[in-house]
>>> print(open('structure_36.txt').read())   # compact mmCIF, C-alpha atoms and all ligand atoms
# COMPACT_ATOMS: atom_id res chain seq x y z
CA MET A 18 0.00 0.00 0.00
CA LYS A 19 1.23 3.48 -0.86
CA VAL A 20 1.44 6.13 1.87
CA GLY A 21 2.44 9.76 1.50
CA ILE A 22 1.27 13.34 1.16
CA ASP A 23 -2.34 13.65 0.03
CA ALA A 24 -2.66 17.45 0.40
CA ILE A 25 -0.25 20.28 1.10
CA SER A 26 -0.75 23.98 1.84
CA PHE A 27 1.27 26.99 2.88
CA TYR A 28 0.79 30.24 4.75
CA THR A 29 3.09 33.18 5.09
CA PRO A 30 2.19 36.61 6.48
CA ALA A 31 1.08 39.40 4.15
CA MET A 32 4.28 41.49 4.26
CA TYR A 33 7.70 41.17 2.69
CA LEU A 34 11.04 42.91 2.39
CA SER A 35 12.98 43.25 -0.87
CA MET A 36 16.51 41.86 -0.57
CA GLU A 37 17.75 44.52 -2.96
CA GLN A 38 16.53 47.21 -0.57
CA LEU A 39 17.95 45.41 2.45
CA ALA A 40 21.35 45.12 0.72
CA LYS A 41 21.39 48.85 0.00
CA ALA A 42 20.47 49.66 3.60
CA ARG A 43 23.28 47.39 4.84
CA ASN A 44 25.86 48.81 2.39
CA GLU A 45 26.18 45.48 0.59
CA ASP A 46 26.26 44.87 -3.16
CA PRO A 47 22.67 43.73 -3.99
CA ASN A 48 24.14 40.88 -6.05
CA LYS A 49 25.58 39.39 -2.88
CA TYR A 50 22.02 38.85 -1.64
CA LEU A 51 20.33 38.23 -5.01
CA ILE A 52 23.00 35.94 -6.52
CA GLY A 53 25.48 35.03 -3.76
CA ILE A 54 22.66 34.04 -1.36
CA GLY A 55 20.00 33.59 -4.06
CA GLN A 56 17.27 35.39 -2.13
CA GLN A 57 14.91 37.96 -3.73
CA GLU A 58 12.37 38.65 -1.01
CA GLN A 59 11.79 37.65 2.60
CA SER A 60 8.47 37.34 4.42
CA VAL A 61 8.21 39.45 7.55
CA VAL A 62 6.25 38.01 10.47
CA PRO A 63 4.19 40.50 12.52
CA ASN A 64 3.87 40.08 16.28
CA THR A 65 0.25 38.96 15.76
CA GLN A 66 1.40 35.74 14.05
CA ASP A 67 3.26 32.86 15.67
CA VAL A 68 3.77 29.22 14.76
CA VAL A 69 0.29 28.28 15.98
CA THR A 70 -1.59 30.90 13.96
CA MET A 71 0.55 30.40 10.86
CA ALA A 72 -0.02 26.64 11.05
CA ALA A 73 -3.78 27.15 11.46
CA ASN A 74 -3.84 29.61 8.53
CA ALA A 75 -2.03 27.00 6.40
CA ALA A 76 -3.91 23.89 7.52
CA GLU A 77 -7.42 25.31 7.24
CA GLN A 78 -6.89 25.41 3.44
CA ILE A 79 -6.73 21.59 3.27
CA ILE A 80 -8.94 20.45 6.14
CA ASN A 81 -12.37 19.24 4.96
CA ASP A 82 -15.18 17.11 6.38
CA ASP A 83 -13.68 13.95 4.91
CA ASN A 84 -10.15 14.24 6.33
CA ARG A 85 -11.40 15.84 9.56
CA ALA A 86 -13.16 12.55 10.30
CA LYS A 87 -9.98 10.53 9.66
CA ILE A 88 -7.23 12.65 11.25
CA ASP A 89 -6.30 11.31 14.67
CA LEU A 90 -2.63 12.31 14.70
CA VAL A 91 -1.31 15.88 14.66
CA ILE A 92 2.47 16.29 14.66
CA PHE A 93 3.77 19.84 14.87
CA GLY A 94 7.39 20.31 13.80
CA THR A 95 8.80 23.58 15.06
CA GLU A 96 11.87 25.12 16.64
CA SER A 97 10.03 28.35 17.52
CA GLY A 98 8.11 26.82 20.42
CA ILE A 99 5.69 28.96 22.40
CA ASP A 100 5.77 27.01 25.66
CA ASN A 101 8.22 24.64 27.31
CA SER A 102 5.47 22.18 28.15
CA LYS A 103 2.28 22.59 26.15
CA SER A 104 2.68 21.77 22.47
CA ALA A 105 1.63 24.01 19.61
CA ALA A 106 -0.25 20.95 18.27
CA ILE A 107 -2.86 21.12 21.05
CA TYR A 108 -3.67 24.77 20.30
CA LEU A 109 -3.85 23.88 16.61
CA GLN A 110 -6.18 20.96 17.17
CA THR A 111 -8.59 23.29 18.99
CA LEU A 112 -8.39 26.12 16.43
CA LEU A 113 -9.07 23.68 13.58
CA GLU A 114 -11.85 21.96 15.55
CA LEU A 115 -10.26 18.54 15.08
CA SER A 116 -11.51 15.58 17.07
CA PRO A 117 -10.37 15.44 20.70
CA ARG A 118 -9.68 11.74 20.02
CA THR A 119 -6.37 12.78 18.56
CA ARG A 120 -2.72 12.31 19.45
CA ALA A 121 -1.29 15.83 19.24
CA PHE A 122 2.31 16.74 20.03
CA GLU A 123 5.37 18.69 18.94
CA THR A 124 8.67 17.46 17.48
CA LYS A 125 11.94 19.37 17.71
CA GLN A 126 15.33 19.00 16.11
CA ALA A 127 15.96 22.36 14.42
CA CYS A 128 14.80 22.32 10.79
CA TYR A 129 14.42 18.53 10.85
CA GLY A 130 11.29 18.49 13.10
CA ALA A 131 8.72 18.26 10.29
CA THR A 132 10.62 15.42 8.60
CA ALA A 133 10.59 13.49 11.88
CA GLY A 134 6.83 14.10 11.96
CA LEU A 135 6.34 13.07 8.37
CA GLN A 136 8.23 9.80 8.82
CA MET A 137 6.31 8.99 12.02
CA ALA A 138 3.02 9.80 10.27
CA ARG A 139 3.97 7.58 7.34
CA ASP A 140 4.68 4.64 9.63
CA TYR A 141 1.44 5.26 11.54
CA VAL A 142 -0.74 5.35 8.42
CA GLN A 143 1.02 2.24 7.08
CA LEU A 144 -0.28 0.44 10.20
CA HIS A 145 -3.67 2.21 10.22
CA PRO A 146 -4.59 2.85 6.56
CA ASP A 147 -8.07 4.17 7.38
CA LYS A 148 -6.53 7.00 9.46
CA GLN A 149 -4.84 10.22 8.39
CA ALA A 150 -2.27 12.51 10.00
CA LEU A 151 -1.75 16.26 9.90
CA VAL A 152 1.94 17.20 9.86
CA ILE A 153 3.10 20.80 10.29
CA GLY A 154 6.39 22.60 9.73
CA ALA A 155 6.09 26.15 11.07
CA ASP A 156 8.76 28.61 12.17
CA VAL A 157 9.96 32.18 12.34
CA ALA A 158 13.59 32.54 11.24
CA ARG A 159 15.20 35.39 13.17
CA TYR A 160 18.89 36.27 13.41
CA GLY A 161 18.79 39.99 14.23
CA LEU A 162 19.15 43.33 12.49
CA ASN A 163 22.53 43.97 10.87
CA THR A 164 23.73 40.39 11.29
CA PRO A 165 25.13 38.16 8.49
CA GLY A 166 22.12 35.89 8.98
CA GLU A 167 19.61 38.72 8.43
CA VAL A 168 19.38 38.03 4.68
CA THR A 169 18.37 34.43 5.51
CA GLN A 170 15.39 35.29 7.75
CA GLY A 171 11.74 34.58 6.84
CA GLY A 172 8.80 32.63 8.19
CA GLY A 173 5.67 30.66 7.49
CA ALA A 174 4.00 27.28 7.83
CA VAL A 175 3.50 24.23 5.64
CA ALA A 176 0.67 21.81 6.43
CA MET A 177 0.51 18.27 5.01
CA ILE A 178 -2.10 15.54 5.20
CA VAL A 179 -0.53 12.07 5.23
CA SER A 180 -2.80 9.28 4.00
CA ALA A 181 -2.97 5.93 2.23
CA ASN A 182 -3.17 6.15 -1.57
CA PRO A 183 -2.01 9.77 -1.54
CA ARG A 184 -2.65 12.13 -4.43
CA ILE A 185 0.67 14.04 -4.37
CA ILE A 186 3.67 11.92 -3.44
CA SER A 187 4.11 8.49 -1.89
CA PHE A 188 7.20 7.60 0.13
CA ASP A 189 8.90 4.33 -0.76
CA GLY A 190 10.52 3.92 2.67
CA ASN A 191 14.04 4.29 1.27
CA SER A 192 15.85 6.58 3.65
CA ALA A 193 19.29 7.27 5.10
CA PHE A 194 19.89 9.37 8.19
CA TYR A 195 22.81 10.65 10.23
CA SER A 196 23.15 12.64 13.46
CA LYS A 197 26.01 14.17 15.41
CA ASP A 198 26.34 16.69 18.28
CA ILE A 199 27.48 19.87 16.50
CA MET A 200 27.27 23.57 17.47
CA ASP A 201 26.55 25.16 14.10
CA PHE A 202 23.25 26.87 14.99
CA TRP A 203 21.17 26.90 18.16
CA ARG A 204 18.49 28.96 19.92
CA PRO A 205 19.03 29.33 23.68
CA LEU A 206 15.89 29.74 25.80
CA HIS A 207 16.53 33.40 26.68
CA THR A 208 16.23 34.76 23.14
CA THR A 209 14.04 34.62 20.03
CA GLU A 210 17.09 35.01 17.77
CA ALA A 211 19.35 32.17 16.68
CA ILE A 212 23.06 31.93 17.42
CA VAL A 213 24.89 30.66 14.38
CA ASP A 214 28.36 29.85 13.15
CA GLY A 215 27.32 30.58 9.57
CA HIS A 216 30.21 29.34 7.44
CA TYR A 217 30.67 26.27 9.62
CA SER A 218 26.93 25.52 9.29
CA ASN A 219 27.26 25.61 5.49
CA ASP A 220 30.08 23.05 5.62
CA VAL A 221 28.24 20.75 8.02
CA TYR A 222 25.12 20.90 5.82
CA VAL A 223 27.06 19.75 2.74
CA ASN A 224 28.90 17.05 4.70
CA PHE A 225 25.63 15.67 6.10
CA PHE A 226 24.13 15.70 2.62
CA LYS A 227 27.06 13.76 1.16
CA GLU A 228 27.02 11.32 4.10
CA THR A 229 23.29 10.54 3.78
CA TRP A 230 23.35 10.46 -0.03
CA ASN A 231 26.24 7.95 -0.03
CA GLN A 232 24.52 5.86 2.64
CA TYR A 233 21.24 5.98 0.67
CA GLN A 234 22.97 4.65 -2.46
CA GLN A 235 24.58 1.80 -0.51
CA ILE A 236 21.27 0.80 1.08
CA THR A 237 19.18 0.98 -2.07
CA ASP A 238 21.50 0.29 -5.00
CA LEU A 239 19.94 3.35 -6.65
CA SER A 240 21.96 6.20 -8.13
CA ILE A 241 21.53 9.77 -9.31
CA ALA A 242 20.30 8.41 -12.67
CA ASP A 243 17.15 7.17 -10.90
CA LEU A 244 16.08 10.62 -9.69
CA SER A 245 14.02 13.16 -11.67
CA ALA A 246 14.48 15.89 -9.06
CA MET A 247 16.50 16.50 -5.91
CA ILE A 248 15.14 19.03 -3.46
CA PHE A 249 16.72 20.37 -0.31
CA HIS A 250 16.12 22.06 2.98
CA LEU A 251 16.65 25.65 1.82
CA PRO A 252 17.87 28.04 4.53
CA TYR A 253 18.61 30.15 1.45
CA PRO A 254 18.55 28.99 -2.19
CA LYS A 255 22.33 29.04 -2.74
CA MET A 256 22.73 26.47 0.08
CA GLY A 257 20.76 23.90 -1.93
CA ILE A 258 22.84 24.68 -5.02
CA LYS A 259 25.97 23.93 -2.99
CA GLY A 260 24.45 20.57 -2.02
CA LEU A 261 23.42 19.74 -5.57
CA ARG A 262 26.84 20.69 -6.96
CA ALA A 263 28.46 18.22 -4.58
CA VAL A 264 26.81 15.30 -6.41
CA LEU A 265 26.24 16.55 -9.97
CA PRO A 266 29.56 15.10 -11.24
CA GLU A 267 27.98 11.65 -10.68
CA ALA A 268 25.36 12.42 -13.38
CA THR A 269 25.41 12.48 -17.17
CA PRO A 270 25.23 15.95 -18.78
CA ASP A 271 21.52 15.44 -19.59
CA LYS A 272 20.74 14.35 -16.03
CA GLN A 273 22.71 17.30 -14.66
CA ALA A 274 20.63 19.69 -16.76
CA GLU A 275 17.40 17.99 -15.65
CA LEU A 276 18.31 18.18 -11.95
CA LYS A 277 19.42 21.81 -12.21
CA THR A 278 16.15 22.78 -13.90
CA ALA A 279 14.12 20.88 -11.30
CA PHE A 280 16.10 22.60 -8.53
CA SER A 281 15.31 26.04 -9.93
CA PHE A 282 11.57 25.23 -10.05
CA GLY A 283 11.84 23.81 -6.54
CA SER A 284 13.35 27.00 -5.15
CA MET A 285 11.02 29.58 -6.77
CA TYR A 286 8.80 30.00 -3.70
CA ASN A 287 11.71 29.85 -1.23
CA LYS A 288 13.40 32.74 -3.07
CA ARG A 289 10.39 34.87 -2.16
CA VAL A 290 9.73 33.68 1.40
CA GLY A 291 13.16 33.09 2.97
CA ASN A 292 13.95 30.46 5.56
CA LEU A 293 11.05 28.92 7.43
CA TYR A 294 13.24 26.35 9.16
CA THR A 295 11.11 23.16 9.55
CA GLY A 296 8.88 24.02 6.59
CA SER A 297 11.59 24.97 4.08
CA LEU A 298 12.07 21.55 2.46
CA TYR A 299 8.30 21.19 2.07
CA LEU A 300 7.91 24.69 0.62
CA SER A 301 10.48 23.53 -1.93
CA LEU A 302 8.38 20.42 -2.62
CA LEU A 303 5.35 22.67 -3.15
CA SER A 304 7.36 24.90 -5.46
CA LEU A 305 8.47 21.86 -7.46
CA ILE A 306 5.05 20.29 -7.92
CA ASP A 307 3.38 23.62 -8.72
CA ASN A 308 5.95 24.75 -11.27
CA ASP A 309 7.99 21.91 -12.80
CA ASP A 310 5.90 20.69 -15.73
CA HIS A 311 8.49 18.11 -16.77
CA LEU A 312 7.55 15.97 -13.71
CA LYS A 313 5.58 12.83 -14.54
CA VAL A 314 3.60 10.38 -12.45
CA GLY A 315 5.96 7.75 -11.05
CA ASP A 316 9.05 9.97 -11.18
CA THR A 317 11.30 9.67 -8.14
CA VAL A 318 12.08 12.81 -6.15
CA GLY A 319 14.96 12.88 -3.64
CA LEU A 320 14.51 15.02 -0.52
CA PHE A 321 17.34 16.17 1.76
CA SER A 322 16.27 17.32 5.21
CA TYR A 323 18.79 19.03 7.50
CA GLY A 324 18.38 20.32 11.03
CA SER A 325 21.33 22.04 12.67
CA GLY A 326 22.79 20.57 15.75
CA ALA A 327 22.63 18.25 13.70
CA GLN A 328 20.41 15.71 11.96
CA GLY A 329 20.30 14.91 8.25
CA GLU A 330 18.08 12.57 6.26
CA PHE A 331 17.92 11.75 2.56
CA PHE A 332 14.78 9.95 1.39
CA THR A 333 12.76 9.44 -1.75
CA GLY A 334 9.18 9.49 -2.95
CA GLN A 335 7.26 8.89 -6.15
CA VAL A 336 5.09 11.51 -7.81
CA GLU A 337 1.40 10.56 -7.76
CA ALA A 338 -1.36 11.34 -10.25
CA GLY A 339 -2.92 14.30 -8.41
CA PHE A 340 0.31 16.18 -7.77
CA PHE A 341 -0.61 19.19 -9.87
CA ASP A 342 -3.53 21.32 -8.70
CA ALA A 343 -4.18 24.56 -10.61
CA ASN A 344 -6.30 25.99 -7.77
CA ARG A 345 -3.55 25.39 -5.22
CA LYS A 346 -1.01 27.08 -7.48
CA GLN A 347 -3.34 30.04 -8.03
CA ARG A 348 -3.88 30.37 -4.27
CA MET A 349 -0.14 30.30 -3.71
CA GLN A 350 0.53 32.98 -6.29
CA THR A 351 -2.22 35.20 -4.95
CA MET A 352 -0.77 34.87 -1.43
CA LEU A 353 2.76 35.77 -2.51
CA ASN A 354 1.80 38.52 -4.96
CA SER A 355 -0.66 40.27 -2.67
CA ARG A 356 1.85 40.75 0.16
CA ARG A 357 2.63 44.38 0.97
CA GLN A 358 6.22 45.48 0.42
CA LEU A 359 7.75 47.06 3.53
CA SER A 360 10.42 49.73 3.61
CA VAL A 361 13.53 48.80 5.61
CA PRO A 362 12.55 51.10 8.54
CA GLU A 363 9.04 49.54 8.60
CA TYR A 364 10.59 46.05 8.65
CA GLU A 365 12.98 47.07 11.46
CA SER A 366 10.15 48.43 13.53
CA ILE A 367 8.10 45.20 13.07
CA PHE A 368 11.17 43.11 13.87
CA ASN A 369 11.71 45.06 17.10
CA SER A 370 8.03 44.84 18.07
CA TRP A 371 8.35 41.09 18.64
CA PRO A 372 7.55 40.37 22.29
CA LYS A 373 10.61 39.83 24.46
CA ILE A 374 10.66 36.67 26.58
CA LYS A 375 9.31 37.98 29.89
CA ALA A 376 6.42 37.52 32.28
CA GLY A 377 3.33 39.73 32.29
CA ASP A 378 0.24 40.46 30.24
CA LEU A 379 0.54 41.54 26.63
CA ILE A 380 -2.19 43.07 24.49
CA LEU A 381 -1.52 43.13 20.74
CA SER A 382 -3.46 45.15 18.19
CA VAL A 383 -4.74 42.66 15.61
CA SER A 384 -6.59 45.17 13.42
CA ASP A 385 -3.77 45.40 10.85
CA ASP A 386 -3.59 41.62 10.41
CA ASP A 387 -6.15 40.22 7.93
CA ALA A 388 -5.40 36.55 8.65
CA LYS A 389 -8.16 34.31 9.91
CA PHE A 390 -6.17 33.10 12.92
CA VAL A 391 -4.22 35.68 14.95
CA PHE A 392 -2.29 35.89 18.21
CA ALA A 393 -3.84 38.61 20.38
CA GLY A 394 -1.40 38.56 23.30
CA VAL A 395 -0.93 36.96 26.70
CA LYS A 396 -3.28 37.10 29.70
CA ASP A 397 -2.36 35.53 33.05
CA ASP A 398 0.52 33.74 31.27
CA GLN A 399 -1.93 32.15 28.82
CA ARG A 400 -1.65 32.77 25.08
CA GLN A 401 -4.74 34.25 23.45
CA TYR A 402 -5.62 33.02 19.96
CA LEU A 403 -8.53 34.29 17.86
CA ASN A 404 -10.40 32.61 15.00
CA ARG A 405 -12.06 35.60 13.34
CA LYS A 406 -14.04 34.20 10.38
P1 LIG B 1 28.24 36.14 4.80
O1 LIG B 1 29.51 35.83 5.48
O2 LIG B 1 27.70 37.49 4.98
O3 LIG B 1 28.33 35.91 3.25
O4 LIG B 1 27.14 35.10 5.33
P2 LIG B 1 29.55 35.44 2.36
O5 LIG B 1 30.66 36.42 2.42
O6 LIG B 1 29.86 34.01 2.65
O7 LIG B 1 28.87 35.54 0.93
C1 LIG B 1 27.78 34.73 0.60
C2 LIG B 1 27.92 34.33 -0.87
O8 LIG B 1 27.73 35.52 -1.67
C3 LIG B 1 29.31 33.80 -1.25
O9 LIG B 1 29.10 32.80 -2.21
C4 LIG B 1 29.98 35.00 -1.90
O10 LIG B 1 31.00 34.65 -2.83
C5 LIG B 1 28.80 35.61 -2.61
P3 LIG B 1 29.65 31.30 -1.95
O11 LIG B 1 31.10 31.41 -1.79
O12 LIG B 1 29.01 30.84 -0.62
O13 LIG B 1 29.19 30.52 -3.10
N1 LIG B 1 28.95 37.03 -2.96
C6 LIG B 1 28.55 37.57 -4.13
N2 LIG B 1 27.96 37.00 -5.21
C7 LIG B 1 27.64 37.84 -6.26
N3 LIG B 1 27.93 39.17 -6.25
C8 LIG B 1 28.52 39.76 -5.20
C9 LIG B 1 28.86 38.94 -4.07
N4 LIG B 1 29.42 39.19 -2.87
C10 LIG B 1 29.49 38.01 -2.20
N5 LIG B 1 28.78 41.07 -5.20
C11 LIG B 1 25.85 33.13 5.60
C12 LIG B 1 26.46 34.10 4.60
C13 LIG B 1 24.98 32.11 4.85
C14 LIG B 1 26.95 32.40 6.35
C15 LIG B 1 24.96 33.93 6.60
O14 LIG B 1 23.90 34.54 5.92
C16 LIG B 1 24.39 33.08 7.73
O15 LIG B 1 25.05 32.87 8.75
N6 LIG B 1 23.12 32.58 7.61
C17 LIG B 1 22.48 31.75 8.62
C18 LIG B 1 23.03 30.35 8.68
C19 LIG B 1 22.59 29.47 7.54
O16 LIG B 1 21.61 29.74 6.85
N7 LIG B 1 23.27 28.33 7.36
C20 LIG B 1 22.92 27.36 6.33
C21 LIG B 1 23.30 25.94 6.69
S1 LIG B 1 22.67 25.46 8.28
C22 LIG B 1 20.99 25.12 7.99
O17 LIG B 1 20.55 24.99 6.88
C23 LIG B 1 20.10 25.01 9.19
C24 LIG B 1 19.27 26.24 9.48
O18 LIG B 1 18.18 26.32 8.59
C25 LIG B 1 18.77 26.19 10.94
C26 LIG B 1 18.07 24.94 11.46
O19 LIG B 1 18.36 23.81 11.12
O20 LIG B 1 17.24 25.14 12.35
C27 LIG B 1 20.05 27.53 9.36
>>> encode(input="structure_36.txt", output="structure tokens")
Amino acid sequence: MKVGIDAISFYTPAMYLSMEQLAKARNEDPNKYLIGIGQQEQSVVPNTQDVVTMAANAAEQIINDDNRAKIDLVIFGTESGIDNSKSAAIYLQTLLELSPRTRAFETKQACYGATAGLQMARDYVQLHPDKQALVIGADVARYGLNTPGEVTQGGGAVAMIVSANPRIISFDGNSAFYSKDIMDFWRPLHTTEAIVDGHYSNDVYVNFFKETWNQYQQITDLSIADLSAMIFHLPYPKMGIKGLRAVLPEATPDKQAELKTAFSFGSMYNKRVGNLYTGSLYLSLLSLIDNDDHLKVGDTVGLFSYGSGAQGEFFTGQVEAGFFDANRKQRMQTMLNSRRQLSVPEYESIFNSWPKIKAGDLILSVSDDDAKFVFAGVKDDQRQYLNRK
């Protein structure tokens, strides 16, 4: 029986920053950001959105009466947690009015959390084919104003329904993974911004990719010739190119051209959103299936998931008959194109308005945020979420 992703959706807030403008404000050559990093725009997350609301705004696009009756597992991958105890999945289950007869919890290992969730959901549905799982990757990528990481910020949420006989992609179970205790990027509890050893993190990423790719080939006897596309966790688009370049010499010239084209389709959305940590690989998958019209049913797609700290996994799936959905693509384009462009001072002010980690009530003005689900503040140490439509 095939198991995989039956539906996928995305939400990012309705504001963005142009990387050309950011480069000018930071006295950098715009081509460093546009070409050297490969980023064109970056979503900016207002203080009225967090991982819970972004996940709800993404998931409500694919929840319907049919899957609502079958979902009894909600796995929320995030590294932008909102509580040390209570998981974002429980809030989400309530906001989406899912059945209380649900297992709902959070997974964490940097950007790898959603992949952990996806693999667990796959195994679960394999055992319980009449059930479905909702898997989330939602994060806010923050490094700080005037830092080298600033150009790689962003945020948003990807929601995926995992089912038997999926319409989008089925996972064949072929997978190679690798973990090691490494300090390339981490987020201590006292701050909302990441600490990162940027150049070291790039090297570790490529090493983990090569390690898992080599292991994958040994386990499966498959090679680069068997793949129609290779997609990557994309902290920024150039990072995936560095990964791809590490293995392209193994391919024929025609295969190299095919994989490079697929990569560029698979990074179109990421170039406009920026890093969304756990969701980035799956935003790339969405970008690939919406835009790469050379993909055919049955084609094998390789996915590389990387979470700093560090965990890597390379796995494969086969494209299924319902992978292309014109309405989903239209929705995606409307969401990206209707975002309001911010000036750099506006972005800086929104960045600085993010609540600091401290006790006490917080009342946020939600009138400027048109999203259905919003975060309205904190009362008596309890987070206040609104469903407004
Ligand atoms: P930097 O030091 O400012 O940039 O930081 P640089 O000097 O390395 O330049 C970047 C690229 O632009 C270079 O290309 C330059 O040559 C090029 P490369 O050598 O890498 O191919 N460049 C130009 N190109 C065209 N025209 C020009 C020009 N000038 C320079 N005029 C860095 C870059 C990525 C390190 C920084 O932004 C950073 O620290 N980002 C955050 C960390 C990160 O994203 N790491 C990625 C791997 S780790 C990961 O993926 C996990 C993560 O998502 C977290 C998680 O798992 O939770 C981050």
>>> atom_distance(input="structure_36.txt", atom1="atom CA of Leu305 of chain A", atom2="atom CA of Glu58 of chain A")
18.4 Å
>>> residues_near_ligand(input="structure_36.txt", ligand="ligand LIG 1 (chain B)", cutoff="8 Å", atoms="only C-alpha atoms and all ligand atoms", output="PyMOL selection string")
chain A and resi 45-54+96+126-129+160+164-170+201-203+213-222+250-253+255-256+259+292-295+323-327
>>> closest_residue(input="structure_36.txt", among="A:Leu39, A:Ala181, A:Ala121, A:Ala268", to="Glu365 of chain A", atoms="all atoms listed in the file")
A:Leu39
>>> atom_distance(input="structure_36.txt", atom1="atom CA of Met247 of chain A", atom2="atom CA of Asn191 of chain A")
14.4 Å
>>> atom_distance(input="structure_36.txt", atom1="atom CA of Asp307 of chain A", atom2="atom CA of Gln350 of chain A")
10.1 Å
>>> closest_residue(input="structure_36.txt", among="A:His311, A:Met32, A:Ile185, A:Thr209", to="Met352 of chain A", atoms="all atoms listed in the file")
A:Met32
>>> closest_residue(input="structure_36.txt", among="A:Lys396, A:Arg357, A:Arg345, A:Lys406", to="Ala376 of chain A", atoms="only C-alpha atoms")
A:Lys396
>>> closest_residue(input="structure_36.txt", among="A:Leu239, A:Ile199, A:Ile88, A:Ala31", to="Val142 of chain A", atoms="all atoms listed in the file")
A:Ile88
>>> residues_near_point(input="structure_36.txt", point="(-0.6, 33.6, 12.0)", cutoff="12 Å", atoms="only C-alpha atoms", output="PyMOL selection string")
chain A and resi 27-31+61-77+109+112+155-157+172-174+383+386-393+402-405
>>> residues_near_point(input="structure_36.txt", point="(-9.0, 4.6, 4.9)", cutoff="10 Å", atoms="only C-alpha atoms", output="list of chain:residue names")
A:Asn84, A:Lys87, A:Val142, A:His145, A:Pro146, A:Asp147, A:Lys148, A:Gln149, A:Ser180, A:Ala181, A:Asn182
>>> write_last_selection(input="structure_36.txt", atoms="C-alpha atoms", output="PDB file, in the coordinates of the input")
ATOM      1  CA  ASN A  84     -10.150  14.240   6.330  1.00  0.00           C
ATOM      2  CA  LYS A  87      -9.980  10.530   9.660  1.00  0.00           C
ATOM      3  CA  VAL A 142      -0.740   5.350   8.420  1.00  0.00           C
ATOM      4  CA  HIS A 145      -3.670   2.210  10.220  1.00  0.00           C
ATOM      5  CA  PRO A 146      -4.590   2.850   6.560  1.00  0.00           C
ATOM      6  CA  ASP A 147      -8.070   4.170   7.380  1.00  0.00           C
ATOM      7  CA  LYS A 148      -6.530   7.000   9.460  1.00  0.00           C
ATOM      8  CA  GLN A 149      -4.840  10.220   8.390  1.00  0.00           C
ATOM      9  CA  SER A 180      -2.800   9.280   4.000  1.00  0.00           C
ATOM     10  CA  ALA A 181      -2.970   5.930   2.230  1.00  0.00           C
ATOM     11  CA  ASN A 182      -3.170   6.150  -1.570  1.00  0.00           C
TER      12      ASN A 182
END
>>> residues_around(input="structure_36.txt", residues="Leu302 of chain A", least_positions_apart="4", cutoff="7 Å", atoms="all atoms listed in the file", output="number ranges by chain")
A: 248, 283, 298, 306
>>> closest_residue(input="structure_36.txt", among="A:Lys272, A:Arg400, A:Lys288, A:Arg120", to="Ala150 of chain A", atoms="all atoms listed in the file")
A:Arg120
>>> residues_around(input="structure_36.txt", residues="Phe331 of chain A", least_positions_apart="2", cutoff="10 Å", atoms="all atoms listed in the file", output="list in words")
Asn191, Ser192, Ala193, Phe194, Tyr195, Phe225, Phe226, Lys227, Glu228, Thr229, Trp230, Asn231, Gln232, Tyr233, Met247, Ile248, Phe249, Gly319, Leu320, Phe321, Ser322, Tyr323, Gly329 and Thr333 of chain A
>>> residues_around(input="structure_36.txt", residues="Asn344 of chain A", least_positions_apart="5", cutoff="12 Å", atoms="all atoms listed in the file", output="PyMOL selection string")
chain A and resi 26+78-79+307+349-351
>>> axis_aligned_box(input="structure_36.txt", around="segment 111-122 of chain A", padding_each_side="5 Å", output="lines of an AutoDock Vina configuration file")
center_x = -4.8
center_y = 18.9
center_z = 17.1
size_x = 24.2
size_y = 24.4
size_z = 17.1
>>> closest_residue(input="structure_36.txt", among="A:Asn369, A:Thr132, A:Gln143, A:Gln328", to="Asn224 of chain A", atoms="only C-alpha atoms")
A:Gln328
>>> residues_around(input="structure_36.txt", residues="Phe282 of chain A", least_positions_apart="3", cutoff="7 Å", atoms="all atoms listed in the file", output="PDB file with C-alpha atoms, in the coordinates of the input")
ATOM      1  CA  THR A 278      16.150  22.780 -13.900  1.00  0.00           C
ATOM      2  CA  ALA A 279      14.120  20.880 -11.300  1.00  0.00           C
ATOM      3  CA  MET A 285      11.020  29.580  -6.770  1.00  0.00           C
ATOM      4  CA  SER A 304       7.360  24.900  -5.460  1.00  0.00           C
ATOM      5  CA  LEU A 305       8.470  21.860  -7.460  1.00  0.00           C
ATOM      6  CA  ASN A 308       5.950  24.750 -11.270  1.00  0.00           C
ATOM      7  CA  ASP A 309       7.990  21.910 -12.800  1.00  0.00           C
TER       8      ASP A 309
END
>>> decode(input="structure_36.txt", residues="segment 60-65 of chain A", atoms="N, CA and C atoms", output="PDB file, in the first residue's frame")
ATOM      1  N   SER A  60       9.703  37.043   3.685  1.00  0.00           N
ATOM      2  CA  SER A  60       8.474  37.345   4.423  1.00  0.00           C
ATOM      3  C   SER A  60       8.824  37.925   5.784  1.00  0.00           C
ATOM      4  N   VAL A  61       8.000  38.845   6.236  1.00  0.00           N
ATOM      5  CA  VAL A  61       8.206  39.454   7.552  1.00  0.00           C
ATOM      6  C   VAL A  61       7.012  39.063   8.425  1.00  0.00           C
ATOM      7  N   VAL A  62       7.312  38.540   9.596  1.00  0.00           N
ATOM      8  CA  VAL A  62       6.252  38.012  10.468  1.00  0.00           C
ATOM      9  C   VAL A  62       5.882  39.064  11.511  1.00  0.00           C
ATOM     10  N   PRO A  63       4.611  39.515  11.518  1.00  0.00           N
ATOM     11  CA  PRO A  63       4.193  40.502  12.523  1.00  0.00           C
ATOM     12  C   PRO A  63       4.042  39.842  13.892  1.00  0.00           C
ATOM     13  N   ASN A  64       3.969  40.665  14.940  1.00  0.00           N
ATOM     14  CA  ASN A  64       3.870  40.078  16.284  1.00  0.00           C
ATOM     15  C   ASN A  64       2.516  39.420  16.542  1.00  0.00           C
ATOM     16  N   THR A  65       1.566  39.587  15.605  1.00  0.00           N
ATOM     17  CA  THR A  65       0.245  38.956  15.756  1.00  0.00           C
ATOM     18  C   THR A  65       0.176  37.577  15.090  1.00  0.00           C
TER      19      THR A  65
END
